[in-house]
Amino acid sequence: MRPQVSLALTLAAISLAFMLWTMPSGLLASMPTASDALVPQSALIPRSVAATTTPEPGRPYGLYLPLVLKRAWTVKVMVYPGPSNVDYGPGIKLPQGTELTPLGRYIDFVKVQWTDAGVTLQEGFVWVALLGNLPASLPELSKDEVPWIENPIFVSTHPMEFNNDTNGYRVWKVFGSAIEASEDVRTKVSMEVQSSSPDGSSGIGLSNGMWGGVDFRRVGLYYQRGGWNLVYCAGDNYLLHERLPGLDAQEVKLNLVVDKEGQTVKVAKVNSQGGEEIIITWALSISLYGPTKTVGIDAQAGTTTNLCIDELLISQAPTGKYKEVGAASESLGDLARRANVTFGAATNPWNEPFDVGETNLLEKHARVLLPMGDFMWENIHPEQNRYNFTLADMSLNFAYIHDMDIHIQQLFYHLALTYWIEQGNFSREQLIDIMRDHTFTILDRYKERYPDKVIYVTVINEAVWAYQGYTGYSDSIFYRVLGPEWITVAYQLAAEATAGNPNLALLYNDYVCNEEEIITPGNKSRLVYDLVSNLRAAGIPVNFGVQAHTRVDKPFVRDGLKAILRDYAQVGDIVLNEIDVALVEGTDEELEEQARIYKDIISACTEVNAELGRSACRAMLLWGISDREAWGGESCIFDENLNPKPAYFAIRDALRAAASQQ
C-alpha cells in the first residue's frame, strides 16, 4: 500500500471517530431521511427581528455534517417560527454551516438567532436533535414566552341578527365542539354590538359541547345592560356574572384564555399596539370541560341587539413536542401549482363539525374555496326583498383570511329556488329585473370586499338534461317564462356585473362524468358543448365547470373523460368542479379502487394540458376535504379522523408526475 493512501485512510478514520465522538447522543438514530419528513402544515414563516437586537450570551455554532457523512445522509436542517414543526410550519432550510445563537429551550425545540445572508437578524425554533452541544446555562422557556399559533375562525362585518326562536336568542355554533383541549386555549375576538335596548345580550362563549343537562358548561363574554360581563354557568346554574371594569364601550378587543384543565379563565384587553392588559383572572369552581376534553365556540345575538364580529381566532399553547409529519405532509396545492393547475375544495367552514384539523387541511392543500350551498336562493335570497349573507360571508371571509381564492357557486340552479321565486307569477320584464337584482347584489358585494380574490363564478348549474337519447331543458320559473333565452340573459347579466375583472371566469357547471358519457360520449356532454359554444359565439366569455361525482362500483374510463375534456378545451377553459368518489362497502379493495379513480380524474386533466401545451384544464376542486362532510360513501381523500386515505397518495403521485414534466 502506498504511503499516501495509508495516510489518507488513517486521517479519514480519525475524522470519522472524532465525528462520532462529538455527535450528540441519539442523533444518528433520529436523523430524518425521508424527503418530506419535516414539511409542516401552515403558511407562517420565521419572523425577522430588529437588526439592533443583541443576542443573549451563548456560543454561536454551526449546523453541519462532517464531509464523510454527506454521501450517506440527506438531512433537512429546518427552522420554524414556533416551537412545533407540525402546527407552526413551514420551516425554512438553513444552509449547512449557518452559525446560530441559542436563546432558550422549549421541550424539543431550541429558540435560536442567526443572520440571514449576513444582513438581517432572524429568530426561530430548531429541533434539538439537529443541534450540537447546547450551553449548560440555556434557560427553559415557558409557554408564555413562545408564540402561540392562531387559527382564524370567523370574520364577519355583517351583523348576526335576532331571530325569534324558542329561547329568544340566535346562537351560532361557530366552531362546533371538536377542539381538543389538551393545552391552554386562547380566544381572541373583536366585537361590536348595535343595541336598541340595554337589556339585550350578545357576545361569544366557550362551551364543553354538551348543550343542556347537568354536565353543560359555558363561559363567555357578553354585552348586557350597557356593559361587558364575564359569565359562567354549569348546568342551569350561573356560578359567575362579573362586570368587567373599563369596558363600557360597545366595541372591544379581548383575549379570553382558559387553561388546559378548564379551571382558570383570564380576560385581557388588547391595546392598539397588540399588547395585553389583564382585566380579570378567575378560578372556576367547576371545570369548564366537565366530563369532556373538547371545547366549542358559539356566538350569540340577543333579543334586542345585533352582534358584529370583526375578528375571532382560537389559539392553543404549543406542546413543544417534535413530530415527524406523516405521509400526507406534501401540499397538494403546491404540487398542483408546479403542474400549472390550481387545487381547491368545496366545504362549509361555518358548519358545526368543522374544527382546527380541517382548517389546517384546507390551509395546507386548498388554494381555492367553493362554499357548499351558501349561494342557494333559500340561503342567500330567502325573500324577494331580503338577502341573508350570513353563511356566504362566513365562508368567503374564511377563504380570504386563509389566502384562498374564491369560487362562487351558483347564482341560478333550478333545484335550489325558494318558494317565492319558483311559484311566483312574474312577467318577463319582472323576472329579468329579479335576475338582475340577484346577480348584481351578490357579485357587487363580494367584488368590493374581495377584489381579485373571486376567480370563478358558476352562473348556472345543470340547466339541461339527457337520458337514453332524450334531451331537454331543466324545468324552472326562468325556463317557463323566458324559454331557453333565460340562459343567455343570465350570462349577459353576470358578464356586466363582472366587467373589468380579467382574472374572473364565468362557468356553466354540469354533470357529464356518468358511465354512459365516459364510455360513449354523446348526449349530455354534447349538449353542454353546444350551450357553451353558442354563448361564446354571442360574445359572452363562458367556460366549462365539469362535475366529477362518481362511485367505485360505476365504470370510469380515463380515456373517455380525456376525450370530453379535449373537446371542451377547443372551445374554452375547464374547471373540474366537484370531484368525489363514493365507496359502497368500504373494503380495502374499494379504497384502492377509489384511489385509482381519483388518480385517473386528476391525470385526465393534467394529460390534456400536456397534450395541448397549455393549462386548458385550469383547476380541480374536491367535493369535501374529509369524510366528515362527505355526501355519502366516505367519498373524500381524508377520513373522519383527518388521516390520509390511499386516494390522497394517488392524487399526490399524479400531481408529482405532472409537475416533473414542467
# chains A, B, ... in the order shown; residues from 1 in each chain; ligands from 1
call {"tool": "residues_around", "arguments": {"residues": "Leu369 in chain A", "least_positions_apart": "2", "cutoff": "10 Å", "atoms": "only C-alpha atoms", "output": "list in words"}}
result
Phe343, Gly344, Ala345, Ala346, Thr347, Asn348, Pro349, Leu362, Glu363, Ala366, Arg367, Pro371, Met372, Ser395, Leu396, Phe398, Ala399, Tyr400, His402, Asp403, Met404, Asp405, Ile406, His407, Ile408, Val454, Leu621 and Leu622 of chain A
call {"tool": "write_last_selection", "arguments": {"atoms": "N, CA and C atoms", "output": "PDB file, in the first residue's frame"}}
result
ATOM      1  N   PHE A 343     -55.460  23.776  -7.253  1.00  0.00           N
ATOM      2  CA  PHE A 343     -56.131  22.736  -6.469  1.00  0.00           C
ATOM      3  C   PHE A 343     -56.958  23.396  -5.371  1.00  0.00           C
ATOM      4  N   GLY A 344     -58.179  22.923  -5.186  1.00  0.00           N
ATOM      5  CA  GLY A 344     -59.034  23.504  -4.158  1.00  0.00           C
ATOM      6  C   GLY A 344     -60.052  22.510  -3.654  1.00  0.00           C
ATOM      7  N   ALA A 345     -61.013  23.007  -2.879  1.00  0.00           N
ATOM      8  CA  ALA A 345     -62.007  22.125  -2.277  1.00  0.00           C
ATOM      9  C   ALA A 345     -63.289  22.892  -2.015  1.00  0.00           C
ATOM     10  N   ALA A 346     -64.387  22.164  -1.997  1.00  0.00           N
ATOM     11  CA  ALA A 346     -65.685  22.695  -1.595  1.00  0.00           C
ATOM     12  C   ALA A 346     -65.953  22.260  -0.167  1.00  0.00           C
ATOM     13  N   THR A 347     -66.431  23.188   0.650  1.00  0.00           N
ATOM     14  CA  THR A 347     -66.700  22.866   2.047  1.00  0.00           C
ATOM     15  C   THR A 347     -67.568  23.959   2.650  1.00  0.00           C
ATOM     16  N   ASN A 348     -67.970  23.772   3.895  1.00  0.00           N
ATOM     17  CA  ASN A 348     -68.687  24.790   4.677  1.00  0.00           C
ATOM     18  C   ASN A 348     -67.916  25.024   5.968  1.00  0.00           C
ATOM     19  N   PRO A 349     -66.986  25.978   5.998  1.00  0.00           N
ATOM     20  CA  PRO A 349     -66.190  26.166   7.216  1.00  0.00           C
ATOM     21  C   PRO A 349     -66.979  26.676   8.403  1.00  0.00           C
ATOM     22  N   LEU A 362     -57.346  22.374   4.920  1.00  0.00           N
ATOM     23  CA  LEU A 362     -57.693  23.298   3.840  1.00  0.00           C
ATOM     24  C   LEU A 362     -56.567  24.291   3.594  1.00  0.00           C
ATOM     25  N   GLU A 363     -56.029  24.853   4.674  1.00  0.00           N
ATOM     26  CA  GLU A 363     -54.971  25.845   4.532  1.00  0.00           C
ATOM     27  C   GLU A 363     -53.753  25.229   3.851  1.00  0.00           C
ATOM     28  N   ALA A 366     -55.569  23.464  -0.081  1.00  0.00           N
ATOM     29  CA  ALA A 366     -56.509  24.134  -0.989  1.00  0.00           C
ATOM     30  C   ALA A 366     -56.053  25.552  -1.299  1.00  0.00           C
ATOM     31  N   ARG A 367     -56.093  25.904  -2.571  1.00  0.00           N
ATOM     32  CA  ARG A 367     -55.809  27.274  -2.995  1.00  0.00           C
ATOM     33  C   ARG A 367     -57.072  27.992  -3.435  1.00  0.00           C
ATOM     34  N   PRO A 371     -67.736  27.436  -1.438  1.00  0.00           N
ATOM     35  CA  PRO A 371     -68.697  27.183  -0.350  1.00  0.00           C
ATOM     36  C   PRO A 371     -69.860  26.313  -0.838  1.00  0.00           C
ATOM     37  N   MET A 372     -70.122  25.233  -0.127  1.00  0.00           N
ATOM     38  CA  MET A 372     -71.221  24.336  -0.491  1.00  0.00           C
ATOM     39  C   MET A 372     -72.562  24.956  -0.109  1.00  0.00           C
ATOM     40  N   SER A 395     -68.114  31.930   4.983  1.00  0.00           N
ATOM     41  CA  SER A 395     -67.277  31.092   4.126  1.00  0.00           C
ATOM     42  C   SER A 395     -66.254  31.914   3.358  1.00  0.00           C
ATOM     43  N   LEU A 396     -66.691  33.017   2.771  1.00  0.00           N
ATOM     44  CA  LEU A 396     -65.780  33.807   1.960  1.00  0.00           C
ATOM     45  C   LEU A 396     -64.752  34.540   2.808  1.00  0.00           C
ATOM     46  N   PHE A 398     -63.589  33.277   5.573  1.00  0.00           N
ATOM     47  CA  PHE A 398     -62.664  32.184   5.899  1.00  0.00           C
ATOM     48  C   PHE A 398     -61.645  32.021   4.774  1.00  0.00           C
ATOM     49  N   ALA A 399     -62.132  32.008   3.536  1.00  0.00           N
ATOM     50  CA  ALA A 399     -61.219  31.876   2.398  1.00  0.00           C
ATOM     51  C   ALA A 399     -60.245  33.038   2.349  1.00  0.00           C
ATOM     52  N   TYR A 400     -60.746  34.229   2.589  1.00  0.00           N
ATOM     53  CA  TYR A 400     -59.911  35.430   2.472  1.00  0.00           C
ATOM     54  C   TYR A 400     -58.792  35.444   3.512  1.00  0.00           C
ATOM     55  N   HIS A 402     -57.496  32.993   4.973  1.00  0.00           N
ATOM     56  CA  HIS A 402     -56.560  31.888   4.755  1.00  0.00           C
ATOM     57  C   HIS A 402     -55.907  31.970   3.379  1.00  0.00           C
ATOM     58  N   ASP A 403     -56.047  33.127   2.747  1.00  0.00           N
ATOM     59  CA  ASP A 403     -55.386  33.407   1.476  1.00  0.00           C
ATOM     60  C   ASP A 403     -55.766  32.403   0.391  1.00  0.00           C
ATOM     61  N   MET A 404     -57.053  32.048   0.332  1.00  0.00           N
ATOM     62  CA  MET A 404     -57.554  31.204  -0.740  1.00  0.00           C
ATOM     63  C   MET A 404     -58.343  32.052  -1.725  1.00  0.00           C
ATOM     64  N   ASP A 405     -58.278  31.696  -2.990  1.00  0.00           N
ATOM     65  CA  ASP A 405     -59.163  32.315  -3.954  1.00  0.00           C
ATOM     66  C   ASP A 405     -60.572  31.769  -3.752  1.00  0.00           C
ATOM     67  N   ILE A 406     -61.548  32.405  -4.397  1.00  0.00           N
ATOM     68  CA  ILE A 406     -62.953  32.136  -4.102  1.00  0.00           C
ATOM     69  C   ILE A 406     -63.693  31.711  -5.365  1.00  0.00           C
ATOM     70  N   HIS A 407     -64.510  30.681  -5.221  1.00  0.00           N
ATOM     71  CA  HIS A 407     -65.398  30.221  -6.290  1.00  0.00           C
ATOM     72  C   HIS A 407     -66.839  30.374  -5.803  1.00  0.00           C
ATOM     73  N   ILE A 408     -67.573  31.288  -6.406  1.00  0.00           N
ATOM     74  CA  ILE A 408     -68.988  31.483  -6.070  1.00  0.00           C
ATOM     75  C   ILE A 408     -69.818  30.529  -6.914  1.00  0.00           C
ATOM     76  N   VAL A 454     -62.127  36.687  -6.029  1.00  0.00           N
ATOM     77  CA  VAL A 454     -63.161  35.873  -6.668  1.00  0.00           C
ATOM     78  C   VAL A 454     -62.691  35.573  -8.081  1.00  0.00           C
ATOM     79  N   LEU A 621     -61.236  20.822  -8.105  1.00  0.00           N
ATOM     80  CA  LEU A 621     -61.774  21.112  -6.777  1.00  0.00           C
ATOM     81  C   LEU A 621     -62.447  19.873  -6.206  1.00  0.00           C
ATOM     82  N   LEU A 622     -61.971  19.424  -5.056  1.00  0.00           N
ATOM     83  CA  LEU A 622     -62.581  18.297  -4.366  1.00  0.00           C
ATOM     84  C   LEU A 622     -63.931  18.698  -3.800  1.00  0.00           C
TER      85      LEU A 622
END
call {"tool": "residues_around", "arguments": {"residues": "range 139-149 of chain A", "least_positions_apart": "5", "cutoff": "8 Å", "atoms": "only C-alpha atoms", "output": "short mmCIF file (atom, residue, chain, number, x, y, z; two decimals) with N, CA and C atoms, in the first residue's frame"}}
result
data_model
loop_
_atom_site.label_atom_id
_atom_site.label_comp_id
_atom_site.auth_asym_id
_atom_site.auth_seq_id
_atom_site.Cartn_x
_atom_site.Cartn_y
_atom_site.Cartn_z
N GLY A 82 -42.32 28.81 15.27
CA GLY A 82 -42.81 28.49 16.61
C GLY A 82 -42.32 27.12 17.03
N PRO A 83 -42.47 26.77 18.30
CA PRO A 83 -41.89 25.53 18.81
C PRO A 83 -42.74 24.30 18.54
N ASP A 87 -47.52 22.35 13.77
CA ASP A 87 -48.50 23.42 13.84
C ASP A 87 -47.98 24.75 13.35
N TYR A 88 -46.67 24.93 13.35
CA TYR A 88 -46.15 26.25 13.06
C TYR A 88 -45.50 26.36 11.70
N LEU A 103 -31.01 30.77 22.36
CA LEU A 103 -31.58 31.71 23.33
C LEU A 103 -32.35 31.02 24.45
N GLY A 104 -32.90 29.86 24.19
CA GLY A 104 -33.69 29.17 25.21
C GLY A 104 -34.27 27.90 24.62
N ARG A 105 -34.76 27.03 25.48
CA ARG A 105 -35.29 25.75 25.04
C ARG A 105 -36.74 25.59 25.50
N TYR A 106 -37.58 25.08 24.59
CA TYR A 106 -38.97 24.76 24.92
C TYR A 106 -39.22 23.31 24.51
N SER A 315 -56.41 29.98 19.61
CA SER A 315 -55.02 29.58 19.71
C SER A 315 -54.90 28.50 20.77
N GLN A 316 -53.94 27.62 20.58
CA GLN A 316 -53.66 26.62 21.60
C GLN A 316 -52.18 26.64 21.93
N ALA A 317 -51.87 26.56 23.21
CA ALA A 317 -50.48 26.56 23.64
C ALA A 317 -49.76 25.39 22.98
N PRO A 318 -48.58 25.63 22.42
CA PRO A 318 -47.86 24.55 21.73
C PRO A 318 -47.34 23.52 22.71
#
call {"tool": "closest_residue", "arguments": {"among": "A:Thr281, A:Gln113, A:Ser525, A:Ser202", "to": "Pro81 in chain A", "atoms": "only C-alpha atoms"}}
result
A:Gln113
call {"tool": "residues_around", "arguments": {"residues": "Ala499 in chain A", "least_positions_apart": "4", "cutoff": "12 Å", "atoms": "only C-alpha atoms", "output": "NGL selection string"}}
result
:A and (440 or 443-444 or 447 or 491-495 or 503-506 or 540-541)
call {"tool": "write_last_selection", "arguments": {"atoms": "N, CA and C atoms", "output": "mmCIF file, in the first residue's frame"}}
result
data_model
loop_
_atom_site.group_PDB
_atom_site.id
_atom_site.type_symbol
_atom_site.label_atom_id
_atom_site.label_comp_id
_atom_site.auth_asym_id
_atom_site.auth_seq_id
_atom_site.Cartn_x
_atom_site.Cartn_y
_atom_site.Cartn_z
ATOM 1 N N PHE A 440 -76.433 41.254 -9.529
ATOM 2 C CA PHE A 440 -75.608 42.408 -9.181
ATOM 3 C C PHE A 440 -75.464 42.563 -7.664
ATOM 4 N N LEU A 443 -72.769 39.792 -6.672
ATOM 5 C CA LEU A 443 -71.426 39.967 -7.229
ATOM 6 C C LEU A 443 -70.823 41.317 -6.857
ATOM 7 N N ASP A 444 -71.643 42.359 -6.790
ATOM 8 C CA ASP A 444 -71.108 43.656 -6.372
ATOM 9 C C ASP A 444 -70.600 43.607 -4.937
ATOM 10 N N LYS A 447 -67.294 41.638 -4.955
ATOM 11 C CA LYS A 447 -66.271 42.321 -5.743
ATOM 12 C C LYS A 447 -65.641 43.447 -4.929
ATOM 13 N N TYR A 491 -76.238 34.935 -18.324
ATOM 14 C CA TYR A 491 -74.812 35.153 -18.557
ATOM 15 C C TYR A 491 -74.508 36.580 -18.998
ATOM 16 N N GLN A 492 -75.427 37.205 -19.707
ATOM 17 C CA GLN A 492 -75.232 38.616 -20.044
ATOM 18 C C GLN A 492 -75.185 39.469 -18.782
ATOM 19 N N LEU A 493 -76.081 39.188 -17.846
ATOM 20 C CA LEU A 493 -76.095 39.937 -16.593
ATOM 21 C C LEU A 493 -74.812 39.696 -15.803
ATOM 22 N N ALA A 494 -74.373 38.453 -15.723
ATOM 23 C CA ALA A 494 -73.150 38.139 -14.980
ATOM 24 C C ALA A 494 -71.933 38.783 -15.634
ATOM 25 N N ALA A 495 -71.913 38.797 -16.973
ATOM 26 C CA ALA A 495 -70.793 39.433 -17.673
ATOM 27 C C ALA A 495 -70.761 40.934 -17.388
ATOM 28 N N ASN A 503 -59.327 38.436 -14.423
ATOM 29 C CA ASN A 503 -58.923 37.215 -13.724
ATOM 30 C C ASN A 503 -60.095 36.332 -13.332
ATOM 31 N N LEU A 504 -61.323 36.797 -13.606
ATOM 32 C CA LEU A 504 -62.510 36.051 -13.198
ATOM 33 C C LEU A 504 -63.090 35.296 -14.392
ATOM 34 N N ALA A 505 -63.424 34.034 -14.178
ATOM 35 C CA ALA A 505 -64.014 33.200 -15.220
ATOM 36 C C ALA A 505 -65.447 32.852 -14.856
ATOM 37 N N LEU A 506 -66.365 33.061 -15.800
ATOM 38 C CA LEU A 506 -67.751 32.621 -15.642
ATOM 39 C C LEU A 506 -67.855 31.179 -16.114
ATOM 40 N N ILE A 540 -70.066 36.141 -25.137
ATOM 41 C CA ILE A 540 -70.068 36.003 -23.677
ATOM 42 C C ILE A 540 -68.983 35.003 -23.282
ATOM 43 N N PRO A 541 -67.986 35.400 -22.495
ATOM 44 C CA PRO A 541 -66.835 34.540 -22.197
ATOM 45 C C PRO A 541 -67.146 33.485 -21.142
#
call {"tool": "select_by_dssp", "arguments": {"residues": "range 371-433 of chain A", "states": "strand (DSSP E or B)", "output": "PyMOL selection string"}}
result
chain A and resi 371+383+386+405-413
call {"tool": "residues_around", "arguments": {"residues": "Phe389 in chain A", "least_positions_apart": "6", "cutoff": "9 Å", "atoms": "only C-alpha atoms", "output": "PyMOL selection string"}}
result
chain A and resi 158+374-375+379-381+442
call {"tool": "write_last_selection", "arguments": {"atoms": "C-alpha atoms", "output": "JSON list (two decimals), in the first residue's frame"}}
result
[["chain", "number", "residue", "atom", "x", "y", "z"],
["A", 158, "HIS", "CA", -72.42, 41.53, 8.69],
["A", 374, "ASP", "CA", -74.18, 29.12, 0.62],
["A", 375, "PHE", "CA", -75.39, 30.76, -2.60],
["A", 379, "ASN", "CA", -79.83, 30.65, 2.00],
["A", 380, "ILE", "CA", -78.91, 33.93, 0.36],
["A", 381, "HIS", "CA", -82.19, 35.30, -1.08],
["A", 442, "ILE", "CA", -74.30, 39.29, -4.85]]
call {"tool": "atom_distance", "arguments": {"atom1": "CA of Glu378 in chain A", "atom2": "CA of Asp437 in chain A"}}
result
15.8 Å
call {"tool": "closest_residue", "arguments": {"among": "A:Leu361, A:Ala610, A:Leu565, A:Met78", "to": "Gln661 in chain A", "atoms": "only C-alpha atoms"}}
result
A:Ala610
